[in-house]
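Reproduced below: coords-v3.pdb, with PDB, C-alpha atoms.
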ATOM      1  CA  MET S 155      -3.323  27.683   9.341
ATOM      2  CA  ASN S 156      -4.614  29.804   6.522
ATOM      3  CA  PRO S 157      -7.232  27.728   4.652
ATOM      4  CA  LEU S 158      -5.987  28.825   1.244
ATOM      5  CA  ILE S 159      -2.428  27.698   1.973
ATOM      6  CA  GLU S 160      -3.750  24.385   3.277
ATOM      7  CA  GLN S 161      -5.752  23.830   0.108
ATOM      8  CA  VAL S 162      -2.812  24.702  -2.113
ATOM      9  CA  PHE S 163      -0.659  22.152  -0.272
ATOM     10  CA  TYR S 164      -3.443  19.591  -0.510
ATOM     11  CA  VAL S 165      -3.748  20.075  -4.280
ATOM     12  CA  TYR S 166       0.010  19.645  -4.624
ATOM     13  CA  PHE S 167      -0.133  16.378  -2.681
ATOM     14  CA  PHE S 168      -3.105  15.144  -4.716
ATOM     15  CA  ILE S 169      -1.363  15.744  -8.033
ATOM     16  CA  SER S 170       1.987  14.356  -6.950
ATOM     17  CA  LEU S 171       0.439  11.249  -5.358
ATOM     18  CA  THR S 172      -1.463  10.528  -8.559
ATOM     19  CA  ILE S 173       1.591  11.023 -10.756
ATOM     20  CA  LEU S 174       3.793   8.906  -8.476
ATOM     21  CA  SER S 175       1.357   6.018  -8.319
ATOM     22  CA  ILE S 176       1.027   6.047 -12.113
ATOM     23  CA  ALA S 177       4.826   6.100 -12.330
ATOM     24  CA  VAL S 178       5.034   3.004 -10.118
ATOM     25  CA  ILE S 179       2.871   1.160 -12.621
ATOM     26  CA  ALA S 180       4.314   2.550 -15.827
ATOM     27  CA  SER S 181       8.059   2.573 -15.240
ATOM     28  CA  LYS S 182       9.995  -0.003 -17.182
ATOM     29  CA  ASN S 183      12.740  -0.746 -14.666
ATOM     30  CA  ILE S 184      11.473  -2.484 -11.564
ATOM     31  CA  ILE S 185      13.884  -0.718  -9.210
ATOM     32  CA  HIS S 186      12.627   2.634 -10.485
ATOM     33  CA  SER S 187       9.109   1.708  -9.447
ATOM     34  CA  ALA S 188      10.457   0.770  -6.016
ATOM     35  CA  PHE S 189      11.928   4.249  -5.612
ATOM     36  CA  PHE S 190       8.749   5.907  -6.916
ATOM     37  CA  LEU S 191       6.937   3.888  -4.258
ATOM     38  CA  LEU S 192       9.354   5.297  -1.666
ATOM     39  CA  ILE S 193       8.431   8.902  -2.558
ATOM     40  CA  PHE S 194       4.761   7.899  -2.698
ATOM     41  CA  LEU S 195       4.873   6.536   0.861
ATOM     42  CA  LEU S 196       6.537   9.704   2.149
ATOM     43  CA  HIS S 197       3.779  11.793   0.539
ATOM     44  CA  VAL S 198       1.139   9.614   2.202
ATOM     45  CA  ALA S 199       2.886  10.317   5.519
ATOM     46  CA  ALA S 200       2.451  14.030   4.800
ATOM     47  CA  ILE S 201      -1.267  13.458   4.140
ATOM     48  CA  PHE S 202      -1.494  11.870   7.614
ATOM     49  CA  LEU S 203       0.013  15.056   9.010
ATOM     50  CA  PHE S 204      -2.881  16.999   7.467
ATOM     51  CA  LEU S 205      -5.316  14.820   9.419
ATOM     52  CA  ASN S 206      -3.836  15.453  12.909
ATOM     53  CA  ALA S 207      -2.407  11.917  12.984
ATOM     54  CA  GLU S 208       1.233  12.503  13.848
ATOM     55  CA  PHE S 209       1.701   9.041  15.317
ATOM     56  CA  LEU S 210       0.501   7.463  12.089
ATOM     57  CA  MET S 211       2.980   9.583  10.164
ATOM     58  CA  ILE S 212       5.859   8.238  12.255
ATOM     59  CA  ILE S 213       4.580   4.665  11.969
ATOM     60  CA  GLN S 214       4.171   5.049   8.218
ATOM     61  CA  ILE S 215       7.764   6.199   7.808
ATOM     62  CA  ILE S 216       9.212   3.569  10.160
ATOM     63  CA  VAL S 217       7.220   0.544   9.012
ATOM     64  CA  TYR S 218       6.672   1.210   5.321
ATOM     65  CA  VAL S 219       9.767   3.112   4.295
ATOM     66  CA  GLY S 220      12.109   1.452   6.758
ATOM     67  CA  GLY S 221      10.683  -2.054   6.654
ATOM     68  CA  VAL S 222       8.487  -2.966   3.725
ATOM     69  CA  LEU S 223      10.325  -0.974   1.086
ATOM     70  CA  ALA S 224      13.728  -2.219   2.230
ATOM     71  CA  LEU S 225      12.291  -5.728   1.917
ATOM     72  CA  PHE S 226      11.139  -4.996  -1.644
ATOM     73  CA  ILE S 227      14.507  -3.613  -2.641
ATOM     74  CA  PHE S 228      16.348  -6.591  -1.134
ATOM     75  CA  ALA S 229      14.025  -8.990  -2.948
ATOM     76  CA  ILE S 230      14.665  -7.190  -6.227
ATOM     77  CA  MET S 231      18.406  -7.357  -5.602
ATOM     78  CA  ILE S 232      18.294 -11.071  -4.822
ATOM     79  CA  MET S 233      16.297 -11.897  -7.925
ATOM     80  CA  ASN S 234      17.778 -11.498 -11.368
ATOM     81  CA  ILE S 235      16.198  -8.394 -12.885
ATOM     82  CA  LYS S 236      18.158  -8.450 -16.101
ATOM     83  CA  GLU S 237      15.403 -10.469 -17.716
ATOM     84  CA  GLU S 238      12.924  -7.684 -17.159
ATOM     85  CA  PHE S 239      14.035  -5.765 -20.187
ATOM     86  CA  ARG S 240      13.308  -8.592 -22.564
ATOM     87  CA  HIS S 241       9.685  -9.044 -21.565
ATOM     88  CA  LYS S 242       6.655  -6.906 -22.123
ATOM     89  CA  ARG S 243       5.373  -4.909 -19.173
ATOM     90  CA  PHE S 244       1.636  -5.396 -19.493
ATOM     91  CA  VAL S 245      -0.631  -8.361 -19.925
ATOM     92  CA  LYS S 246      -2.344  -9.129 -23.193
ATOM     93  CA  PHE S 247      -5.748  -7.716 -22.366
ATOM     94  CA  SER S 248      -4.624  -4.617 -20.506
ATOM     95  CA  ILE S 249      -7.185  -2.405 -22.251
ATOM     96  CA  ALA S 250      -9.966  -4.371 -20.544
ATOM     97  CA  GLY S 251      -8.284  -3.839 -17.181
ATOM     98  CA  LEU S 252      -7.988  -0.109 -17.833
ATOM     99  CA  ILE S 253     -11.653   0.178 -18.772
ATOM    100  CA  THR S 254     -12.722  -1.770 -15.676
ATOM    101  CA  GLY S 255     -10.603   0.443 -13.438
ATOM    102  CA  PHE S 256     -11.965   3.643 -14.925
ATOM    103  CA  LEU S 257     -15.538   2.378 -14.548
ATOM    104  CA  PHE S 258     -14.784   1.617 -10.885
ATOM    105  CA  LEU S 259     -13.363   5.115 -10.438
ATOM    106  CA  ALA S 260     -16.369   6.744 -12.126
ATOM    107  CA  GLY S 261     -18.760   4.815  -9.913
ATOM    108  CA  LEU S 262     -16.899   5.917  -6.798
ATOM    109  CA  TYR S 263     -16.842   9.553  -7.972
ATOM    110  CA  ILE S 264     -20.611   9.549  -8.461
ATOM    111  CA  PHE S 265     -21.135   8.455  -4.858
ATOM    112  CA  LEU S 266     -18.445  10.628  -3.309
ATOM    113  CA  GLY S 267     -19.423  13.916  -4.888
ATOM    114  CA  THR S 268     -22.286  14.486  -2.458
ATOM    115  CA  VAL S 269     -20.498  13.687   0.823
ATOM    116  CA  LYS S 270     -21.010  16.359   3.484
ATOM    117  CA  SER S 271     -18.252  17.120   5.962
ATOM    118  CA  PRO S 272     -19.189  17.677   9.626
ATOM    119  CA  GLU S 273     -18.300  20.860  11.493
ATOM    120  CA  ASN S 274     -16.419  19.614  14.548
ATOM    121  CA  VAL S 275     -13.218  17.808  13.661
ATOM    122  CA  LEU S 276     -10.664  15.908  15.699
ATOM    123  CA  ILE S 277      -8.906  18.129  18.190
ATOM    124  CA  LYS S 278      -5.134  18.118  18.340
ATOM    125  CA  SER S 279      -4.292  15.180  20.595
ATOM    126  CA  ASP S 280      -0.998  13.596  21.514
ATOM    127  CA  VAL S 281      -0.166   9.924  21.377
ATOM    128  CA  ASN S 282      -1.241   9.558  25.016
ATOM    129  CA  SER S 283      -4.944   9.184  24.255
ATOM    130  CA  LEU S 284      -4.256   6.867  21.337
ATOM    131  CA  GLY S 285      -2.146   4.632  23.569
ATOM    132  CA  LYS S 286      -4.783   4.587  26.286
ATOM    133  CA  LEU S 287      -7.401   3.494  23.758
ATOM    134  CA  LEU S 288      -5.076   0.899  22.214
ATOM    135  CA  TYR S 289      -4.074  -0.678  25.514
ATOM    136  CA  SER S 290      -7.501  -0.708  27.124
ATOM    137  CA  TYR S 291     -10.336  -1.243  24.667
ATOM    138  CA  TYR S 292      -8.368  -2.700  21.750
ATOM    139  CA  PHE S 293      -6.015  -4.797  23.864
ATOM    140  CA  LEU S 294      -7.117  -8.229  22.629
ATOM    141  CA  PRO S 295      -6.833  -7.310  18.915
ATOM    142  CA  PHE S 296      -3.424  -5.848  19.673
ATOM    143  CA  GLU S 297      -2.233  -9.115  21.222
ATOM    144  CA  ILE S 298      -3.681 -11.151  18.354
ATOM    145  CA  LEU S 299      -1.855  -8.845  15.962
ATOM    146  CA  SER S 300       1.460  -9.599  17.629
ATOM    147  CA  LEU S 301       0.741 -13.304  17.142
ATOM    148  CA  VAL S 302      -0.072 -12.673  13.465
ATOM    149  CA  LEU S 303       3.260 -10.869  13.018
ATOM    150  CA  LEU S 304       5.131 -13.759  14.628
ATOM    151  CA  ILE S 305       3.407 -16.320  12.404
ATOM    152  CA  ALA S 306       4.090 -14.209   9.310
ATOM    153  CA  MET S 307       7.772 -14.021  10.209
ATOM    154  CA  ILE S 308       8.064 -17.783  10.712
ATOM    155  CA  GLY S 309       6.078 -18.460   7.545
ATOM    156  CA  GLY S 310       8.222 -16.107   5.503
ATOM    157  CA  ILE S 311      11.395 -17.808   6.655
ATOM    158  CA  ILE S 312      10.031 -21.296   5.997
ATOM    159  CA  ILE S 313       8.675 -20.476   2.545
ATOM    160  CA  ALA S 314      11.754 -18.630   1.337
ATOM    161  CA  LYS S 315      14.473 -20.906   2.640
ATOM    162  CA  LYS S 316      16.109 -23.568   0.534
ATOM    163  CA  THR S 317      14.564 -27.010   0.835
ATOM    164  CA  PRO S 318      16.781 -30.119   1.129
ATOM    165  CA  PHE S 319      15.710 -31.047  -2.388
ATOM    166  CA  ASP S 320      17.231 -27.817  -3.729
ATOM    167  CA  ARG S 321      20.523 -28.464  -2.020
ATOM    168  CA  GLU S 322      20.753 -31.929  -3.584
ATOM    169  CA  GLY S 323      20.178 -30.425  -7.012
ATOM    170  CA  LYS S 324      23.231 -28.230  -6.611
TER     171      LYS S 324
ATOM    172  CA  MET W 213     -10.467  23.795   5.888
ATOM    173  CA  ILE W 214     -10.472  20.895   3.457
ATOM    174  CA  PRO W 215     -13.812  19.113   2.992
ATOM    175  CA  LEU W 216     -14.128  15.390   3.629
ATOM    176  CA  SER W 217     -14.992  14.616   0.020
ATOM    177  CA  TRP W 218     -11.553  15.757  -1.161
ATOM    178  CA  TYR W 219      -9.824  13.144   0.935
ATOM    179  CA  LEU W 220     -12.260  10.491  -0.215
ATOM    180  CA  LEU W 221     -11.650  11.458  -3.837
ATOM    181  CA  LEU W 222      -7.908  11.134  -3.252
ATOM    182  CA  SER W 223      -8.420   7.728  -1.682
ATOM    183  CA  ALA W 224     -10.670   6.556  -4.510
ATOM    184  CA  THR W 225      -8.217   7.737  -7.144
ATOM    185  CA  LEU W 226      -5.256   5.990  -5.546
ATOM    186  CA  PHE W 227      -7.244   2.798  -5.007
ATOM    187  CA  SER W 228      -8.322   2.729  -8.650
ATOM    188  CA  ILE W 229      -4.776   3.303  -9.883
ATOM    189  CA  GLY W 230      -3.550   0.480  -7.668
ATOM    190  CA  LEU W 231      -6.340  -1.771  -8.932
ATOM    191  CA  ILE W 232      -5.512  -1.017 -12.570
ATOM    192  CA  GLY W 233      -1.838  -1.679 -11.904
ATOM    193  CA  PHE W 234      -2.600  -4.947 -10.172
ATOM    194  CA  VAL W 235      -4.655  -6.119 -13.128
ATOM    195  CA  ILE W 236      -2.485  -5.005 -16.029
ATOM    196  CA  ARG W 237       1.127  -5.492 -14.876
ATOM    197  CA  ARG W 238       2.888  -8.823 -15.403
ATOM    198  CA  ASP W 239       5.724  -8.623 -12.872
ATOM    199  CA  LEU W 240       4.831 -10.200  -9.553
ATOM    200  CA  ILE W 241       6.801  -7.672  -7.496
ATOM    201  CA  VAL W 242       5.104  -4.689  -9.128
ATOM    202  CA  MET W 243       1.768  -6.376  -8.410
ATOM    203  CA  LEU W 244       2.755  -6.467  -4.720
ATOM    204  CA  MET W 245       3.681  -2.787  -4.916
ATOM    205  CA  CYS W 246       0.226  -2.030  -6.311
ATOM    206  CA  LEU W 247      -1.212  -3.852  -3.295
ATOM    207  CA  GLU W 248       0.750  -1.461  -1.089
ATOM    208  CA  ILE W 249      -0.720   1.489  -3.014
ATOM    209  CA  MET W 250      -4.225   0.147  -2.382
ATOM    210  CA  PHE W 251      -3.483  -0.349   1.329
ATOM    211  CA  ASN W 252      -2.312   3.251   1.550
ATOM    212  CA  ALA W 253      -5.449   4.529  -0.147
ATOM    213  CA  VAL W 254      -7.629   2.697   2.372
ATOM    214  CA  ASN W 255      -5.484   4.051   5.222
ATOM    215  CA  ILE W 256      -6.066   7.613   4.006
ATOM    216  CA  ALA W 257      -9.818   6.980   3.990
ATOM    217  CA  PHE W 258      -9.673   5.562   7.554
ATOM    218  CA  ALA W 259      -7.639   8.492   8.860
ATOM    219  CA  SER W 260      -9.909  11.075   7.219
ATOM    220  CA  PHE W 261     -13.025   9.463   8.695
ATOM    221  CA  SER W 262     -11.284   9.459  12.069
ATOM    222  CA  TYR W 263     -10.541  13.165  11.661
ATOM    223  CA  TYR W 264     -14.010  14.238  10.613
ATOM    224  CA  ASN W 265     -15.850  12.097  13.157
ATOM    225  CA  SER W 266     -13.486  13.277  15.953
ATOM    226  CA  ASN W 267     -12.948   9.673  16.971
ATOM    227  CA  LEU W 268      -9.610   7.927  17.432
ATOM    228  CA  THR W 269     -10.817   4.455  16.423
ATOM    229  CA  GLY W 270      -9.959   5.103  12.788
ATOM    230  CA  GLN W 271      -6.325   5.676  13.654
ATOM    231  CA  ILE W 272      -6.236   2.406  15.629
ATOM    232  CA  PHE W 273      -7.534   0.611  12.567
ATOM    233  CA  VAL W 274      -4.865   2.234  10.438
ATOM    234  CA  LEU W 275      -2.290   0.786  12.843
ATOM    235  CA  PHE W 276      -3.774  -2.693  12.453
ATOM    236  CA  SER W 277      -3.940  -2.270   8.690
ATOM    237  CA  ILE W 278      -0.272  -1.255   8.506
ATOM    238  CA  ALA W 279       0.736  -4.333  10.524
ATOM    239  CA  VAL W 280      -1.308  -6.641   8.298
ATOM    240  CA  ALA W 281       0.188  -4.983   5.202
ATOM    241  CA  ALA W 282       3.664  -5.704   6.535
ATOM    242  CA  CYS W 283       2.739  -9.377   7.045
ATOM    243  CA  GLU W 284       1.293  -9.525   3.547
ATOM    244  CA  ALA W 285       4.443  -8.056   2.010
ATOM    245  CA  VAL W 286       6.624 -10.570   3.868
ATOM    246  CA  ILE W 287       4.591 -13.599   2.798
ATOM    247  CA  GLY W 288       4.109 -12.343  -0.761
ATOM    248  CA  LEU W 289       7.792 -11.675  -1.308
ATOM    249  CA  ALA W 290       8.675 -15.057   0.192
ATOM    250  CA  ILE W 291       6.298 -16.753  -2.239
ATOM    251  CA  VAL W 292       7.720 -14.804  -5.182
ATOM    252  CA  LEU W 293      11.273 -15.697  -4.133
ATOM    253  CA  ALA W 294      10.416 -19.383  -3.813
ATOM    254  CA  LEU W 295       8.696 -19.283  -7.212
ATOM    255  CA  VAL W 296      11.661 -17.621  -8.884
ATOM    256  CA  ARG W 297      14.113 -20.012  -7.264
ATOM    257  CA  ASN W 298      12.200 -23.172  -8.119
ATOM    258  CA  THR W 299      10.824 -22.406 -11.555
ATOM    259  CA  GLY W 300      12.550 -19.255 -12.789
ATOM    260  CA  ILE W 301       9.191 -17.644 -13.476
ATOM    261  CA  ASN W 302       8.787 -13.963 -12.661
ATOM    262  CA  HIS W 303       5.585 -13.078 -14.486
ATOM    263  CA  SER W 304       2.012 -13.697 -13.535
ATOM    264  CA  ASP W 305       0.820 -15.077 -16.867
ATOM    265  CA  GLU W 306       3.553 -17.708 -17.137
ATOM    266  CA  ILE W 307       2.392 -19.628 -14.080
ATOM    267  CA  VAL W 308       0.502 -22.375 -15.873
ATOM    268  CA  ASN W 309       1.251 -25.387 -13.685
ATOM    269  CA  LEU W 310      -2.425 -25.659 -12.781
ATOM    270  CA  ARG W 311      -3.450 -25.092 -16.415
ATOM    271  CA  GLY W 312      -4.742 -21.628 -15.574
TER     272      GLY W 312
END

Spit out the file's structure as structure tokens when you get a sec.
Amino acid sequence: MNPLIEQVFYVYFFISLTILSIAVIASKNIIHSAFFLLIFLLHVAAIFLFLNAEFLMIIQIIVYVGGVLALFIFAIMIMNIKEEFRHKRFVKFSIAGLITGFLFLAGLYIFLGTVKSPENVLIKSDVNSLGKLLYSYYFLPFEILSLVLLIAMIGGIIIAKKTPFDREGK
Amino acid sequence: MIPLSWYLLLSATLFSIGLIGFVIRRDLIVMLMCLEIMFNAVNIAFASFSYYNSNLTGQIFVLFSIAVAACEAVIGLAIVLALVRNTGINHSDEIVNLRG
């Protein structure tokens, strides 16, 4: 690809990702921030496509947009969001949080300005090599991860379900 | 050809925005969304290091990170739902049962 076109696309994604993530924080309605987060996650999937990680792009769209975001939207629908409009959005000392965040960002920028990029980059590879690596060298972490997902599912169900005490109250 | 530092600057910017949002917002669900933003920033950094080191291990770690983020979202939303159902509280600075 032409390097200039690539850089123009990259600058577009940088600006839009920044604006979208600020919009997630600043929007007053909570369902609006959920939909800004949806567009944000799709843009991050495009950034993965820049980095020759097509499999990660697919996983990002399936897991985040199809799973996590649907979960967020269902949780917002279950809860009563009418109260949101009566409350303030930010905490009392939000200026201190802003200053701390900007100091963190400035410190990171100082360190990251001098990073050198190596010459040889990742060659275009299909999912075959990734799967071979995942199922041979990283097999034990993969199995442990499946156990973690199972425990998270059971824990989510147990925490969120109604207890017998709640049923007696109603 | 995009240099490595551009991707790292993108990652740092998104992480800082997520951090600021996590600190200054009051709604618990938006705080969880800011956690997702921070996870995504770290994933971009992992994938860019994987690309510039020509090593696939970074992408494997992004897979693990995405799975752990899904678990975290499930547990966090379950806790928020239980909190809203039992106490009716939806904001982080109203949780004062432990005198915090």

- [ ] With a cut-off of 6 Å and counting only C-alpha atoms, select all residues of chain S in contact with chain W and give the selection as a PyMOL selection string.
- [x] chain S and resi 157+179+205+243-245+248+251-252+255+259+269+271+275-276+306+310+313-314

- [ ] Point out the residue among S:Tyr263, S:Tyr292, S:Phe228, S:Tyr218 with the least atom-to-atom distance to Leu195 in chain S, counting all atoms listed in the file.
- [x] S:Tyr218

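One finds CA of Ile311 in chain S at 16.4 Å from CA of Ala224 in chain S.
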
TODO: Could you check which of S:Leu304, S:Leu171, S:Ile213, S:Ala188 is closest to Val281 in chain S, using all atoms listed in the file?
DONE: S:Ile213

Open item on the list: Quick check, in Å to one decimal: how far apart do CA of Phe251 in chain W and CA of Ser277 in chain W lie?
Closed with: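 Going from CA of Phe251 in chain W over to CA of Ser277 in chain W, I get 7.6 Å.
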
Open item on the list: As an exercise, work out the distance from CA of Ile298 in chain S to CA of Ala229 in chain S in Å and give it to one decimal place.
Closed with: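 Those two atoms sit 27.8 Å apart.
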
TODO: Apply the PyMOL selection byres ((chain S and resi 199) around 12) to the file shown and report the selected residues as an NGL selection string.
DONE: (:S and (167 or 171 or 192-198 or 200-219)) or (:W and (252-253 or 255-256 or 259))

For range 278-308 of chain W, where the input has fewer atoms than it should, I would like N, CA and C atoms rebuilt and written as an mmCIF file, in the frame of the given file.
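Output contents, as saved in part39.cif:
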data_model
loop_
_atom_site.group_PDB
_atom_site.id
_atom_site.type_symbol
_atom_site.label_atom_id
_atom_site.label_comp_id
_atom_site.auth_asym_id
_atom_site.auth_seq_id
_atom_site.Cartn_x
_atom_site.Cartn_y
_atom_site.Cartn_z
ATOM 1 N N ILE W 278 -1.689 -1.325 8.865
ATOM 2 C CA ILE W 278 -0.272 -1.255 8.506
ATOM 3 C C ILE W 278 0.438 -2.548 8.904
ATOM 4 N N ALA W 279 0.101 -3.091 10.084
ATOM 5 C CA ALA W 279 0.736 -4.333 10.524
ATOM 6 C C ALA W 279 0.376 -5.485 9.595
ATOM 7 N N VAL W 280 -0.898 -5.564 9.194
ATOM 8 C CA VAL W 280 -1.308 -6.641 8.298
ATOM 9 C C VAL W 280 -0.659 -6.471 6.929
ATOM 10 N N ALA W 281 -0.477 -5.218 6.491
ATOM 11 C CA ALA W 281 0.188 -4.983 5.202
ATOM 12 C C ALA W 281 1.634 -5.441 5.258
ATOM 13 N N ALA W 282 2.282 -5.233 6.404
ATOM 14 C CA ALA W 282 3.664 -5.704 6.535
ATOM 15 C C ALA W 282 3.719 -7.223 6.450
ATOM 16 N N CYS W 283 2.791 -7.911 7.130
ATOM 17 C CA CYS W 283 2.739 -9.377 7.045
ATOM 18 C C CYS W 283 2.524 -9.828 5.609
ATOM 19 N N GLU W 284 1.621 -9.136 4.923
ATOM 20 C CA GLU W 284 1.293 -9.525 3.547
ATOM 21 C C GLU W 284 2.497 -9.356 2.637
ATOM 22 N N ALA W 285 3.254 -8.267 2.843
ATOM 23 C CA ALA W 285 4.443 -8.056 2.010
ATOM 24 C C ALA W 285 5.478 -9.146 2.269
ATOM 25 N N VAL W 286 5.644 -9.526 3.543
ATOM 26 C CA VAL W 286 6.624 -10.570 3.868
ATOM 27 C C VAL W 286 6.253 -11.882 3.203
ATOM 28 N N ILE W 287 5.005 -12.312 3.361
ATOM 29 C CA ILE W 287 4.591 -13.599 2.798
ATOM 30 C C ILE W 287 4.615 -13.560 1.276
ATOM 31 N N GLY W 288 4.141 -12.435 0.690
ATOM 32 C CA GLY W 288 4.109 -12.343 -0.761
ATOM 33 C C GLY W 288 5.497 -12.397 -1.362
ATOM 34 N N LEU W 289 6.435 -11.662 -0.766
ATOM 35 C CA LEU W 289 7.792 -11.675 -1.308
ATOM 36 C C LEU W 289 8.440 -13.028 -1.116
ATOM 37 N N ALA W 290 8.124 -13.712 -0.005
ATOM 38 C CA ALA W 290 8.675 -15.057 0.192
ATOM 39 C C ALA W 290 8.145 -16.001 -0.875
ATOM 40 N N ILE W 291 6.867 -15.886 -1.203
ATOM 41 C CA ILE W 291 6.298 -16.753 -2.239
ATOM 42 C C ILE W 291 6.934 -16.458 -3.595
ATOM 43 N N VAL W 292 7.106 -15.159 -3.894
ATOM 44 C CA VAL W 292 7.720 -14.804 -5.182
ATOM 45 C C VAL W 292 9.147 -15.326 -5.253
ATOM 46 N N LEU W 293 9.898 -15.198 -4.138
ATOM 47 C CA LEU W 293 11.273 -15.697 -4.133
ATOM 48 C C LEU W 293 11.320 -17.201 -4.328
ATOM 49 N N ALA W 294 10.433 -17.934 -3.659
ATOM 50 C CA ALA W 294 10.416 -19.383 -3.813
ATOM 51 C C ALA W 294 10.052 -19.768 -5.242
ATOM 52 N N LEU W 295 9.110 -19.009 -5.827
ATOM 53 C CA LEU W 295 8.696 -19.283 -7.212
ATOM 54 C C LEU W 295 9.839 -19.050 -8.177
ATOM 55 N N VAL W 296 10.551 -17.925 -7.977
ATOM 56 C CA VAL W 296 11.661 -17.621 -8.884
ATOM 57 C C VAL W 296 12.775 -18.640 -8.724
ATOM 58 N N ARG W 297 13.011 -19.068 -7.480
ATOM 59 C CA ARG W 297 14.113 -20.012 -7.264
ATOM 60 C C ARG W 297 13.783 -21.385 -7.833
ATOM 61 N N ASN W 298 12.525 -21.815 -7.701
ATOM 62 C CA ASN W 298 12.200 -23.172 -8.119
ATOM 63 C C ASN W 298 11.880 -23.284 -9.591
ATOM 64 N N THR W 299 11.246 -22.265 -10.169
ATOM 65 C CA THR W 299 10.824 -22.406 -11.555
ATOM 66 C C THR W 299 11.425 -21.360 -12.471
ATOM 67 N N GLY W 300 12.013 -20.294 -11.936
ATOM 68 C CA GLY W 300 12.550 -19.255 -12.789
ATOM 69 C C GLY W 300 11.510 -18.353 -13.406
ATOM 70 N N ILE W 301 10.283 -18.437 -12.921
ATOM 71 C CA ILE W 301 9.191 -17.644 -13.476
ATOM 72 C C ILE W 301 9.041 -16.363 -12.657
ATOM 73 N N ASN W 302 8.930 -15.237 -13.351
ATOM 74 C CA ASN W 302 8.787 -13.963 -12.661
ATOM 75 C C ASN W 302 7.532 -13.220 -13.085
ATOM 76 N N HIS W 303 6.743 -13.803 -13.961
ATOM 77 C CA HIS W 303 5.585 -13.078 -14.486
ATOM 78 C C HIS W 303 4.312 -13.856 -14.197
ATOM 79 N N SER W 304 3.227 -13.080 -14.047
ATOM 80 C CA SER W 304 2.012 -13.697 -13.535
ATOM 81 C C SER W 304 1.338 -14.573 -14.572
ATOM 82 N N ASP W 305 1.539 -14.289 -15.866
ATOM 83 C CA ASP W 305 0.820 -15.077 -16.867
ATOM 84 C C ASP W 305 1.628 -16.259 -17.370
ATOM 85 N N GLU W 306 2.800 -16.517 -16.756
ATOM 86 C CA GLU W 306 3.553 -17.708 -17.137
ATOM 87 C C GLU W 306 3.359 -18.843 -16.143
ATOM 88 N N ILE W 307 2.612 -18.591 -15.082
ATOM 89 C CA ILE W 307 2.392 -19.628 -14.080
ATOM 90 C C ILE W 307 1.231 -20.480 -14.573
ATOM 91 N N VAL W 308 1.559 -21.573 -15.254
ATOM 92 C CA VAL W 308 0.502 -22.375 -15.873
ATOM 93 C C VAL W 308 0.565 -23.811 -15.381
#
